[in-house]
>>> print(open('final.txt').read())   # compact mmCIF, C-alpha atoms
# COMPACT_ATOMS: atom_id res chain seq x y z
CA MET A 1 0.00 0.00 0.00
CA PHE A 2 2.92 2.36 0.73
CA LEU A 3 4.12 2.03 -2.85
CA LEU A 4 0.70 2.75 -4.27
CA ASN A 5 0.17 5.86 -2.10
CA ILE A 6 3.38 7.81 -2.82
CA LYS A 7 2.08 11.04 -4.32
CA ASN A 8 5.06 13.42 -4.49
CA LYS A 9 6.67 13.64 -7.89
CA GLY A 10 10.36 14.14 -7.28
CA ILE A 11 13.79 12.60 -7.23
CA LYS A 12 13.60 11.27 -3.68
CA SER A 13 10.15 9.72 -4.18
CA ARG A 14 11.32 8.10 -7.40
CA ARG A 15 14.32 6.70 -5.57
CA TYR A 16 12.13 5.14 -2.87
CA LEU A 17 9.97 3.60 -5.57
CA MET A 18 13.02 2.15 -7.32
CA TYR A 19 14.31 0.65 -4.08
CA SER A 20 10.96 -1.05 -3.53
CA ILE A 21 10.45 -2.18 -7.13
CA GLY A 22 14.00 -3.52 -7.22
CA PHE A 23 13.33 -5.58 -4.09
CA ILE A 24 10.15 -7.14 -5.51
CA LEU A 25 11.84 -7.90 -8.83
CA SER A 26 14.84 -9.40 -7.02
CA VAL A 27 12.65 -11.81 -5.05
CA SER A 28 10.87 -12.82 -8.25
CA THR A 29 14.19 -13.39 -10.04
CA ALA A 30 15.85 -15.15 -7.12
CA LEU A 31 13.20 -17.78 -6.40
CA PRO A 32 13.93 -19.88 -9.51
CA ALA A 33 17.61 -18.86 -9.89
CA TYR A 34 19.34 -21.72 -8.09
CA ILE A 35 16.92 -24.44 -9.21
CA GLN A 36 16.72 -23.46 -12.90
CA SER A 37 19.52 -25.76 -14.06
CA SER A 38 18.06 -28.66 -12.06
CA PHE A 39 14.61 -27.82 -13.46
CA LEU A 40 15.97 -27.96 -17.02
CA ARG A 41 17.82 -31.18 -16.17
CA GLN A 42 14.41 -32.91 -16.25
CA TYR A 43 14.27 -32.28 -20.00
CA LEU A 44 17.89 -31.87 -21.18
CA SER A 45 21.37 -33.28 -20.59
CA LEU A 46 23.94 -31.17 -18.77
CA GLU A 47 25.80 -30.51 -22.04
CA LEU A 48 22.57 -29.39 -23.75
CA ILE A 49 21.73 -27.16 -20.81
CA SER A 50 25.09 -25.43 -21.31
CA LEU A 51 24.35 -24.97 -25.01
CA LEU A 52 20.88 -23.64 -24.15
CA PHE A 53 22.42 -21.03 -21.88
CA VAL A 54 24.87 -20.06 -24.62
CA ALA A 55 22.03 -19.65 -27.14
CA THR A 56 19.69 -17.90 -24.71
CA ASN A 57 22.25 -15.38 -23.54
CA THR A 58 23.47 -14.75 -27.09
CA ILE A 59 19.89 -13.83 -28.03
CA THR A 60 19.74 -11.69 -24.88
CA ILE A 61 22.81 -9.75 -26.03
CA ALA A 62 21.11 -9.14 -29.39
CA ALA A 63 17.94 -7.97 -27.62
CA ILE A 64 19.93 -5.60 -25.40
CA SER A 65 21.65 -4.14 -28.46
CA LEU A 66 18.23 -3.23 -29.91
CA PHE A 67 16.81 -1.96 -26.63
CA PRO A 68 18.14 1.65 -26.83
CA HIS A 69 16.24 2.14 -30.13
CA ILE A 70 13.05 0.78 -28.56
CA ILE A 71 13.45 2.98 -25.47
CA ARG A 72 14.03 6.09 -27.58
CA LYS A 73 10.93 5.35 -29.64
CA PHE A 74 8.48 4.29 -26.93
CA SER A 75 10.04 5.70 -23.68
CA ASN A 76 11.65 3.85 -20.80
CA TYR A 77 8.36 3.73 -18.86
CA LEU A 78 6.33 2.10 -21.64
CA THR A 79 9.01 -0.46 -22.48
CA ALA A 80 9.30 -1.33 -18.77
CA LYS A 81 5.56 -1.95 -18.59
CA PHE A 82 5.49 -4.33 -21.56
CA THR A 83 8.70 -6.07 -20.53
CA VAL A 84 7.11 -6.80 -17.14
CA ILE A 85 4.17 -8.42 -18.95
CA ALA A 86 6.49 -10.61 -21.05
CA TYR A 87 8.44 -11.55 -17.92
CA GLY A 88 5.28 -12.56 -16.05
CA ILE A 89 3.93 -14.63 -18.95
CA SER A 90 7.26 -16.48 -19.29
CA LEU A 91 7.25 -17.40 -15.59
CA LEU A 92 3.66 -18.61 -15.84
CA GLY A 93 4.58 -20.71 -18.87
CA LEU A 94 7.52 -22.32 -17.07
CA ALA A 95 5.24 -23.12 -14.13
CA THR A 96 2.48 -24.78 -16.16
CA ILE A 97 3.88 -26.19 -19.43
CA ASN A 98 5.50 -29.63 -19.78
CA SER A 99 6.50 -29.60 -23.45
CA PRO A 100 10.32 -29.42 -23.78
CA TYR A 101 10.03 -27.14 -26.84
CA LEU A 102 7.72 -24.69 -25.06
CA ILE A 103 9.89 -24.86 -21.95
CA ILE A 104 12.85 -23.73 -24.07
CA PHE A 105 10.76 -20.89 -25.57
CA PHE A 106 9.50 -19.62 -22.20
CA PHE A 107 12.95 -19.99 -20.66
CA LEU A 108 14.37 -17.84 -23.46
CA THR A 109 11.67 -15.21 -22.87
CA PHE A 110 12.33 -15.33 -19.12
CA ILE A 111 16.08 -14.71 -19.48
CA VAL A 112 15.71 -11.97 -22.11
CA SER A 113 12.92 -10.07 -20.34
CA SER A 114 14.60 -10.23 -16.92
CA ASN A 115 17.80 -8.72 -18.36
CA LEU A 116 15.90 -5.97 -20.16
CA LEU A 117 13.92 -5.10 -17.03
CA TRP A 118 17.09 -4.37 -15.09
CA ILE A 119 18.09 -1.89 -17.82
CA ASN A 120 14.76 -0.10 -17.33
CA MET A 121 15.44 -0.04 -13.59
CA ASP A 122 18.99 1.31 -14.09
CA ILE A 123 17.71 4.23 -16.17
CA LEU A 124 15.02 5.12 -13.64
CA LEU A 125 17.41 4.99 -10.70
CA GLU A 126 20.18 6.88 -12.50
CA SER A 127 17.70 9.69 -13.25
CA ALA A 128 17.17 10.00 -9.48
CA SER A 129 20.87 9.95 -8.53
CA SER A 130 23.70 12.46 -8.16
CA ASP A 131 27.39 11.64 -8.67
CA LYS A 132 28.32 12.71 -5.13
CA LYS A 133 25.93 10.12 -3.69
CA THR A 134 26.16 7.46 -6.41
CA GLY A 135 28.05 5.03 -4.19
CA ARG A 136 25.49 5.20 -1.38
CA ILE A 137 22.45 5.22 -3.69
CA ARG A 138 23.68 2.34 -5.85
CA THR A 139 24.89 0.17 -2.99
CA LEU A 140 21.71 0.77 -0.95
CA TYR A 141 19.75 -0.27 -4.05
CA LEU A 142 21.95 -3.38 -4.42
CA THR A 143 21.68 -4.14 -0.69
CA LEU A 144 17.87 -4.03 -0.74
CA ASN A 145 17.83 -6.11 -3.93
CA ASN A 146 20.11 -8.66 -2.34
CA LEU A 147 17.89 -8.87 0.74
CA GLY A 148 15.35 -10.29 -1.70
CA TRP A 149 17.89 -12.97 -2.64
CA ILE A 150 18.90 -14.09 0.86
CA LEU A 151 15.81 -16.07 1.87
CA SER A 152 14.77 -17.04 -1.65
CA PRO A 153 16.99 -20.16 -1.99
CA MET A 154 15.64 -21.58 1.28
CA ILE A 155 12.07 -20.78 0.26
CA SER A 156 12.67 -22.38 -3.15
CA VAL A 157 13.80 -25.60 -1.49
CA TYR A 158 10.53 -25.91 0.43
CA LEU A 159 8.52 -24.96 -2.63
CA VAL A 160 10.30 -27.63 -4.70
CA ARG A 161 9.75 -30.20 -1.95
CA ASP A 162 6.03 -29.45 -1.63
CA GLY A 163 5.07 -28.60 -5.20
CA GLY A 164 7.93 -29.61 -7.50
CA TYR A 165 10.14 -27.34 -9.61
CA SER A 166 7.11 -25.52 -11.07
CA LEU A 167 6.05 -23.86 -7.82
CA PRO A 168 8.94 -21.35 -7.51
CA PHE A 169 8.17 -20.14 -11.06
CA LEU A 170 4.48 -19.78 -10.17
CA ILE A 171 5.19 -17.73 -7.02
CA SER A 172 7.63 -15.57 -9.00
CA ALA A 173 4.89 -14.91 -11.58
CA THR A 174 2.47 -13.92 -8.79
CA LEU A 175 4.95 -11.33 -7.50
CA ILE A 176 4.76 -9.55 -10.84
CA ILE A 177 1.17 -8.46 -10.09
CA PRO A 178 2.08 -5.87 -7.39
CA LEU A 179 5.06 -4.75 -9.47
CA PHE A 180 2.82 -4.11 -12.47
CA LEU A 181 0.28 -2.26 -10.29
CA VAL A 182 3.04 0.03 -9.02
CA LEU A 183 4.07 0.83 -12.60
CA ILE A 184 0.48 1.70 -13.52
CA ILE A 185 -0.50 3.70 -10.42
CA GLN A 186 2.85 5.47 -9.98
CA LYS A 187 3.07 6.53 -13.63
CA LYS A 188 3.68 10.21 -12.79
CA ASN A 189 6.62 9.37 -10.55
CA LEU A 190 8.15 6.86 -12.96
CA LYS A 191 7.50 8.43 -16.35
CA ILE A 192 10.50 10.75 -16.74
CA ALA A 193 11.17 13.25 -19.50
CA LYS A 194 14.60 12.34 -20.75
CA LYS A 195 16.40 12.78 -24.06
CA TYR A 196 18.42 9.69 -24.81
CA LYS A 197 21.57 9.95 -26.90
CA LYS A 198 21.21 8.31 -30.29
CA GLU A 199 24.16 5.98 -30.72
CA ASN A 200 24.40 2.53 -32.24
CA LEU A 201 25.88 -0.32 -30.24
CA LEU A 202 29.16 -0.52 -32.15
CA LYS A 203 29.81 3.22 -31.80
CA SER A 204 29.01 3.12 -28.09
CA PHE A 205 31.28 0.12 -27.57
CA LYS A 206 34.17 1.77 -29.47
CA LYS A 207 33.82 4.88 -27.30
CA LEU A 208 33.68 2.74 -24.16
CA TRP A 209 36.75 0.71 -25.18
CA ALA A 210 38.70 3.90 -25.90
CA ASN A 211 38.04 5.03 -22.32
CA SER A 212 40.40 3.05 -20.06
CA ASN A 213 38.17 3.60 -17.03
CA LEU A 214 35.02 2.23 -18.68
CA LYS A 215 37.00 -0.53 -20.44
CA GLY A 216 38.43 -1.70 -17.13
CA VAL A 217 35.11 -1.82 -15.32
CA PHE A 218 33.46 -3.47 -18.36
CA VAL A 219 35.99 -6.35 -18.35
CA LEU A 220 35.66 -6.69 -14.58
CA ALA A 221 31.86 -6.87 -14.92
CA VAL A 222 32.17 -9.64 -17.54
CA LEU A 223 34.51 -11.62 -15.28
CA LEU A 224 32.17 -11.23 -12.30
CA ASN A 225 29.29 -12.61 -14.36
CA LEU A 226 31.55 -15.42 -15.58
CA PHE A 227 31.97 -16.36 -11.92
CA TYR A 228 28.19 -16.10 -11.40
CA SER A 229 27.58 -18.44 -14.34
CA CYS A 230 29.78 -21.02 -12.67
CA ALA A 231 28.29 -20.49 -9.22
CA VAL A 232 24.63 -20.46 -10.32
CA LEU A 233 24.61 -23.08 -13.09
CA TYR A 234 27.22 -25.67 -12.17
CA LEU A 235 28.00 -25.44 -8.45
CA PRO A 236 24.44 -26.44 -7.35
CA ILE A 237 24.53 -29.46 -9.68
CA TYR A 238 28.00 -30.44 -8.40
CA LEU A 239 26.99 -30.13 -4.75
CA ASN A 240 23.67 -31.93 -5.22
CA GLN A 241 24.44 -34.62 -7.79
CA GLY A 242 28.22 -34.85 -7.44
CA LEU A 243 28.67 -34.72 -3.67
CA GLY A 244 25.15 -35.79 -2.67
CA ILE A 245 24.19 -32.76 -0.54
CA ASP A 246 20.38 -32.68 -0.46
CA TRP A 247 18.31 -29.62 -1.36
CA LYS A 248 17.19 -29.10 2.24
CA ASN A 249 20.79 -28.39 3.29
CA LEU A 250 21.61 -26.54 0.09
CA GLY A 251 18.70 -24.18 0.83
CA TRP A 252 20.12 -22.82 4.09
CA MET A 253 23.68 -22.92 2.73
CA PHE A 254 22.75 -20.79 -0.30
CA SER A 255 20.79 -18.35 1.89
CA LEU A 256 23.76 -17.97 4.25
CA MET A 257 26.03 -17.61 1.22
CA LEU A 258 24.13 -14.52 0.06
CA VAL A 259 24.28 -12.63 3.39
CA PRO A 260 27.56 -10.79 2.49
CA PHE A 261 25.72 -8.90 -0.26
CA SER A 262 23.57 -7.23 2.39
CA LEU A 263 26.37 -6.81 4.93
CA PHE A 264 29.18 -5.40 2.80
CA GLU A 265 27.81 -3.56 -0.25
CA PHE A 266 26.40 -0.41 1.37
CA PRO A 267 29.41 0.13 3.70
CA ALA A 268 31.70 -0.39 0.69
CA GLY A 269 29.76 2.24 -1.28
CA TYR A 270 29.93 4.69 1.61
CA LEU A 271 33.68 4.20 1.99
CA ALA A 272 34.19 4.60 -1.76
CA ASP A 273 32.25 7.90 -1.76
CA LYS A 274 33.88 9.35 1.36
CA TYR A 275 37.43 8.08 1.53
CA PHE A 276 39.39 6.02 -0.95
CA GLY A 277 37.54 5.24 -4.16
CA GLU A 278 36.87 1.83 -5.69
CA LYS A 279 40.08 0.22 -7.02
CA GLU A 280 41.36 -1.25 -3.76
CA MET A 281 38.08 -2.99 -2.93
CA MET A 282 37.73 -4.26 -6.51
CA SER A 283 41.16 -5.92 -6.23
CA ILE A 284 40.46 -7.42 -2.81
CA GLY A 285 37.09 -8.73 -3.97
CA LEU A 286 38.50 -10.32 -7.14
CA PHE A 287 41.29 -11.98 -5.15
CA ILE A 288 38.75 -13.48 -2.72
CA ILE A 289 36.72 -14.88 -5.65
CA PHE A 290 39.91 -16.37 -7.15
CA ILE A 291 40.82 -18.14 -3.89
CA SER A 292 37.22 -19.33 -3.44
CA LEU A 293 37.17 -21.05 -6.84
CA ILE A 294 40.36 -22.90 -5.94
CA LEU A 295 38.73 -23.97 -2.67
CA PHE A 296 35.69 -25.24 -4.60
CA PHE A 297 38.05 -27.50 -6.55
CA LEU A 298 40.04 -28.67 -3.52
CA ILE A 299 37.10 -29.49 -1.21
CA SER A 300 36.07 -32.98 -2.22
CA THR A 301 33.96 -34.02 0.77
CA PRO A 302 30.27 -33.15 1.40
CA THR A 303 31.02 -31.60 4.81
CA LEU A 304 28.28 -29.00 5.21
CA TRP A 305 30.06 -26.44 7.42
CA VAL A 306 33.18 -26.48 5.20
CA TRP A 307 31.14 -25.77 2.09
CA ALA A 308 29.02 -23.17 3.90
CA ILE A 309 32.17 -21.24 4.87
CA ALA A 310 33.66 -21.50 1.37
CA LEU A 311 30.43 -20.29 -0.24
CA PHE A 312 30.14 -17.42 2.27
CA ILE A 313 33.73 -16.28 1.60
CA SER A 314 33.16 -16.37 -2.17
CA ARG A 315 30.26 -13.97 -1.87
CA ILE A 316 32.24 -11.52 0.26
CA GLY A 317 34.47 -11.15 -2.79
CA ALA A 318 31.53 -10.97 -5.18
CA ALA A 319 29.79 -8.35 -3.01
CA LEU A 320 32.87 -6.09 -3.04
CA VAL A 321 33.35 -6.42 -6.81
CA GLU A 322 29.64 -5.96 -7.58
CA SER A 323 29.21 -2.86 -5.41
CA MET A 324 32.37 -1.18 -6.71
CA ARG A 325 31.56 -2.16 -10.31
CA ASP A 326 28.15 -0.44 -10.16
CA THR A 327 29.41 2.54 -8.16
CA TYR A 328 32.32 3.21 -10.49
CA PHE A 329 30.35 2.74 -13.70
CA PHE A 330 27.45 5.01 -12.75
CA LYS A 331 29.82 7.70 -11.52
CA ASN A 332 31.12 7.81 -15.09
CA VAL A 333 27.81 7.79 -17.02
CA ASN A 334 24.43 9.48 -16.76
CA ALA A 335 20.85 8.34 -17.36
CA GLY A 336 20.80 9.67 -20.92
CA GLU A 337 23.71 7.47 -22.03
CA VAL A 338 21.52 4.45 -22.75
CA GLY A 339 24.16 2.99 -25.10
CA TYR A 340 26.70 2.70 -22.28
CA ILE A 341 24.08 1.37 -19.85
CA ASN A 342 23.00 -1.29 -22.34
CA ILE A 343 26.59 -2.38 -22.93
CA PHE A 344 27.09 -2.55 -19.17
CA ARG A 345 24.04 -4.78 -18.79
CA MET A 346 25.29 -6.96 -21.63
CA THR A 347 28.07 -8.07 -19.32
CA GLY A 348 25.53 -10.30 -17.55
CA PRO A 349 24.50 -12.47 -20.51
CA LEU A 350 28.00 -12.18 -22.00
CA GLY A 351 29.50 -13.67 -18.85
CA TYR A 352 26.95 -16.48 -18.98
CA VAL A 353 27.64 -17.10 -22.69
CA LEU A 354 31.38 -17.38 -22.06
CA GLY A 355 30.89 -19.46 -18.91
CA ALA A 356 28.41 -21.89 -20.45
CA ALA A 357 30.44 -22.18 -23.68
CA LEU A 358 33.59 -22.95 -21.71
CA ALA A 359 31.75 -25.48 -19.55
CA SER A 360 30.10 -27.19 -22.51
CA CYS A 361 33.57 -27.79 -24.01
CA LEU A 362 35.33 -28.85 -20.81
CA LEU A 363 32.56 -31.15 -19.58
CA TRP A 364 33.18 -33.45 -22.55
CA VAL A 365 36.72 -34.19 -21.37
CA MET A 366 36.89 -33.61 -17.61
CA PRO A 367 34.83 -33.87 -14.39
CA ILE A 368 32.66 -30.92 -13.38
CA ASN A 369 34.86 -29.86 -10.44
CA TYR A 370 37.73 -28.99 -12.83
CA LEU A 371 35.55 -26.16 -14.12
CA PHE A 372 36.35 -24.22 -10.95
CA ILE A 373 40.11 -24.21 -11.68
CA ALA A 374 39.44 -23.13 -15.29
CA PHE A 375 37.23 -20.23 -14.15
CA ALA A 376 39.84 -19.16 -11.57
CA ILE A 377 42.54 -18.94 -14.25
CA ILE A 378 40.30 -16.83 -16.49
CA LEU A 379 39.83 -14.28 -13.67
CA VAL A 380 43.55 -13.45 -13.50
CA PRO A 381 43.55 -10.75 -16.27
CA GLY A 382 40.97 -8.88 -14.19
CA PHE A 383 43.76 -7.58 -11.94
CA TYR A 384 45.39 -5.85 -14.91
CA TYR A 385 42.12 -4.21 -15.97
CA ILE A 386 41.53 -2.95 -12.44
CA SER A 387 45.00 -1.39 -12.52
CA ILE A 388 44.29 0.69 -15.65
CA ILE A 389 41.26 2.53 -14.25
CA LYS A 390 41.59 5.86 -12.47
CA ASP A 391 40.14 5.96 -8.97
CA THR A 392 37.35 8.49 -8.33
CA LYS A 393 39.05 9.56 -5.09
>>> encode(input="final.txt", output="structure tokens")
Amino acid sequence: MFLLNIKNKGIKSRRYLMYSIGFILSVSTALPAYIQSSFLRQYLSLELISLLFVATNTITIAAISLFPHIIRKFSNYLTAKFTVIAYGISLLGLATINSPYLIIFFFLTFIVSSNLLWINMDILLESASSDKKTGRIRTLYLTLNNLGWILSPMISVYLVRDGGYSLPFLISATLIIPLFLVLIIQKKNLKIAKKYKKENLLKSFKKLWANSNLKGVFVLAVLLNLFYSCAVLYLPIYLNQGLGIDWKNLGWMFSLMLVPFSLFEFPAGYLADKYFGEKEMMSIGLFIIFISLILFFLISTPTLWVWAIALFISRIGAALVESMRDTYFFKNVNAGEVGYINIFRMTGPLGYVLGAALASCLLWVMPINYLFIAFAIILVPGFYYISIIKDTK
């Protein structure tokens, strides 16, 4: 009711709305996140699942490249509204359809629409931000979004146990109803007058690559999402089917694993704004992720507390990299630079494309746990790209 009754049209009101909308969307996205590969495993082999993720995220990249033209033509608000509808329908399809071909179609729609929605959210939040407070605004937004992720894995486990893999998708679809109502009722607060720069994707990417600061944070963002592809797609399957840890235990372990996102991101953003910039925390975070991947390879027993600690440590690193990535990027762009924002959001599907493509090749010749060593090695160039950016402090 609070969301529906906000009446003041202004930057602060829009920011509160974006915090709330982001939280709802995060819960909806998180519920099926860690069970999606196991859900698809009912219909496809592990190698085909990897290829599906490659194809799906490649199409997502193409959709993101076209999105600036659509936003310029129809406005960010209108595209957000219709993308929400497509997102909700895809979730409903995944919850109710049993045909493998339709499952693939709705899964594609789900991945594409969820990525596009976060671009809409970025533009709305950036229009309500100032550079001096970007670190605090962005990391508070990320912290609230990640609160939506913390309990979702545990809830998903109980939903899967009581209603099968379809139930998390159904609950996620239900959550879209209040989100859509907020978009309709809060139209005045969310419909912003903004002139978007007209640039094609290639031109925007060339300009980004020529800027060492944006190039560095772009590569770091791709590497972070490469890690996420490993952690979301393959680690749950390894822990469940490789080591035999049941979903009941995985539920609380994954929820505990996500706590660092809520503990560390906002303080990191505050420190970056006030004291020493972003580079140091980016480097520390990437190093922690690197060590964590090696630990994933070395730990060969299903000891719950050992895995819980390793997973928790990995997300401390991811939380530092994610918060500094967003803070640094949005200090260097504004809401009208849709081309840059779209390229930035491409790093998500691009990381998944690279991760799934690498896994689909390696899984033919080696056990799944060797993926973790391969992903750790690929992260190493990230330290160079962090070094080439200029700190904002």
>>> residues_around(input="final.txt", residues="range 351-356 of chain A", least_positions_apart="6", cutoff="8 Å", atoms="only C-alpha atoms", output="list of chain:residue names")
A:Ser50, A:Leu51, A:Phe53, A:Val54, A:Ala55, A:Asn57, A:Thr58, A:Val222, A:Leu223, A:Leu224, A:Asn225, A:Leu226, A:Phe227, A:Tyr228, A:Ser229, A:Cys230, A:Phe375
>>> atom_distance(input="final.txt", atom1="CA of Phe169 in chain A", atom2="CA of Ile35 in chain A")
9.9 Å
>>> closest_residue(input="final.txt", among="A:Ser387, A:Thr301, A:Asn342, A:Ser156", to="Phe67 in chain A", atoms="all atoms listed in the file")
A:Asn342
>>> closest_residue(input="final.txt", among="A:Thr79, A:Thr139, A:Ser38, A:Ser90", to="Leu271 in chain A", atoms="all atoms listed in the file")
A:Thr139
>>> closest_residue(input="final.txt", among="A:Ser28, A:Gln241, A:Ser283, A:Thr143", to="Ser323 in chain A", atoms="all atoms listed in the file")
A:Thr143
>>> closest_residue(input="final.txt", among="A:Leu202, A:Ala30, A:Leu25, A:Ile184", to="Gly339 in chain A", atoms="all atoms listed in the file")
A:Leu202
>>> residues_around(input="final.txt", residues="Gly317 in chain A", least_positions_apart="4", cutoff="10 Å", atoms="all atoms listed in the file", output="tab-separated table (two decimals) with C-alpha atoms, keeping the file's coordinate frame")
chain	number	residue	atom	x	y	z
A	224	LEU	CA	32.17	-11.23	-12.30
A	260	PRO	CA	27.56	-10.79	2.49
A	261	PHE	CA	25.72	-8.90	-0.26
A	264	PHE	CA	29.18	-5.40	2.80
A	281	MET	CA	38.08	-2.99	-2.93
A	282	MET	CA	37.73	-4.26	-6.51
A	283	SER	CA	41.16	-5.92	-6.23
A	284	ILE	CA	40.46	-7.42	-2.81
A	285	GLY	CA	37.09	-8.73	-3.97
A	286	LEU	CA	38.50	-10.32	-7.14
A	287	PHE	CA	41.29	-11.98	-5.15
A	288	ILE	CA	38.75	-13.48	-2.72
A	289	ILE	CA	36.72	-14.88	-5.65
A	290	PHE	CA	39.91	-16.37	-7.15
A	291	ILE	CA	40.82	-18.14	-3.89
A	292	SER	CA	37.22	-19.33	-3.44
A	312	PHE	CA	30.14	-17.42	2.27
A	313	ILE	CA	33.73	-16.28	1.60
A	321	VAL	CA	33.35	-6.42	-6.81
A	322	GLU	CA	29.64	-5.96	-7.58
>>> residues_around(input="final.txt", residues="Ala95 in chain A", least_positions_apart="6", cutoff="7 Å", atoms="all atoms listed in the file", output="number ranges by chain")
A: 166-167, 169-170
>>> write_last_selection(input="final.txt", atoms="C-alpha atoms", output="PDB file, in the coordinates of the input")
ATOM      1  CA  SER A 166       7.110 -25.520 -11.070  1.00  0.00           C
ATOM      2  CA  LEU A 167       6.050 -23.860  -7.820  1.00  0.00           C
ATOM      3  CA  PHE A 169       8.170 -20.140 -11.060  1.00  0.00           C
ATOM      4  CA  LEU A 170       4.480 -19.780 -10.170  1.00  0.00           C
TER       5      LEU A 170
END
>>> atom_distance(input="final.txt", atom1="CA of Phe383 in chain A", atom2="CA of Val333 in chain A")
22.7 Å
>>> closest_residue(input="final.txt", among="A:Ile373, A:Leu117, A:Leu140, A:Trp307", to="Ala63 in chain A", atoms="all atoms listed in the file")
A:Leu117
>>> closest_residue(input="final.txt", among="A:Met346, A:Val217, A:Ala268, A:Val232", to="Asp391 in chain A", atoms="all atoms listed in the file")
A:Val217
>>> residues_around(input="final.txt", residues="Gly88 in chain A", least_positions_apart="4", cutoff="12 Å", atoms="all atoms listed in the file", output="PDB file with C-alpha atoms, in the frame of the given file")
ATOM      1  CA  LEU A  25      11.840  -7.900  -8.830  1.00  0.00           C
ATOM      2  CA  SER A  28      10.870 -12.820  -8.250  1.00  0.00           C
ATOM      3  CA  THR A  29      14.190 -13.390 -10.040  1.00  0.00           C
ATOM      4  CA  LYS A  81       5.560  -1.950 -18.590  1.00  0.00           C
ATOM      5  CA  PHE A  82       5.490  -4.330 -21.560  1.00  0.00           C
ATOM      6  CA  THR A  83       8.700  -6.070 -20.530  1.00  0.00           C
ATOM      7  CA  VAL A  84       7.110  -6.800 -17.140  1.00  0.00           C
ATOM      8  CA  LEU A  92       3.660 -18.610 -15.840  1.00  0.00           C
ATOM      9  CA  GLY A  93       4.580 -20.710 -18.870  1.00  0.00           C
ATOM     10  CA  LEU A  94       7.520 -22.320 -17.070  1.00  0.00           C
ATOM     11  CA  ALA A  95       5.240 -23.120 -14.130  1.00  0.00           C
ATOM     12  CA  PHE A 106       9.500 -19.620 -22.200  1.00  0.00           C
ATOM     13  CA  PHE A 107      12.950 -19.990 -20.660  1.00  0.00           C
ATOM     14  CA  THR A 109      11.670 -15.210 -22.870  1.00  0.00           C
ATOM     15  CA  PHE A 110      12.330 -15.330 -19.120  1.00  0.00           C
ATOM     16  CA  ILE A 111      16.080 -14.710 -19.480  1.00  0.00           C
ATOM     17  CA  SER A 113      12.920 -10.070 -20.340  1.00  0.00           C
ATOM     18  CA  SER A 114      14.600 -10.230 -16.920  1.00  0.00           C
ATOM     19  CA  LEU A 117      13.920  -5.100 -17.030  1.00  0.00           C
ATOM     20  CA  PHE A 169       8.170 -20.140 -11.060  1.00  0.00           C
ATOM     21  CA  LEU A 170       4.480 -19.780 -10.170  1.00  0.00           C
ATOM     22  CA  ILE A 171       5.190 -17.730  -7.020  1.00  0.00           C
ATOM     23  CA  SER A 172       7.630 -15.570  -9.000  1.00  0.00           C
ATOM     24  CA  ALA A 173       4.890 -14.910 -11.580  1.00  0.00           C
ATOM     25  CA  THR A 174       2.470 -13.920  -8.790  1.00  0.00           C
ATOM     26  CA  LEU A 175       4.950 -11.330  -7.500  1.00  0.00           C
ATOM     27  CA  ILE A 176       4.760  -9.550 -10.840  1.00  0.00           C
ATOM     28  CA  ILE A 177       1.170  -8.460 -10.090  1.00  0.00           C
ATOM     29  CA  PRO A 178       2.080  -5.870  -7.390  1.00  0.00           C
ATOM     30  CA  LEU A 179       5.060  -4.750  -9.470  1.00  0.00           C
ATOM     31  CA  PHE A 180       2.820  -4.110 -12.470  1.00  0.00           C
TER      32      PHE A 180
END
>>> residues_around(input="final.txt", residues="Asn120 in chain A", least_positions_apart="2", cutoff="10 Å", atoms="all atoms listed in the file", output="list in words")
Phe67, Ile71, Ser75, Asn76, Tyr77, Leu78, Thr79, Ala80, Lys81, Thr83, Asn115, Leu116, Leu117, Trp118, Asp122, Ile123, Leu124, Leu125, Val338, Ile341 and Asn342 of chain A
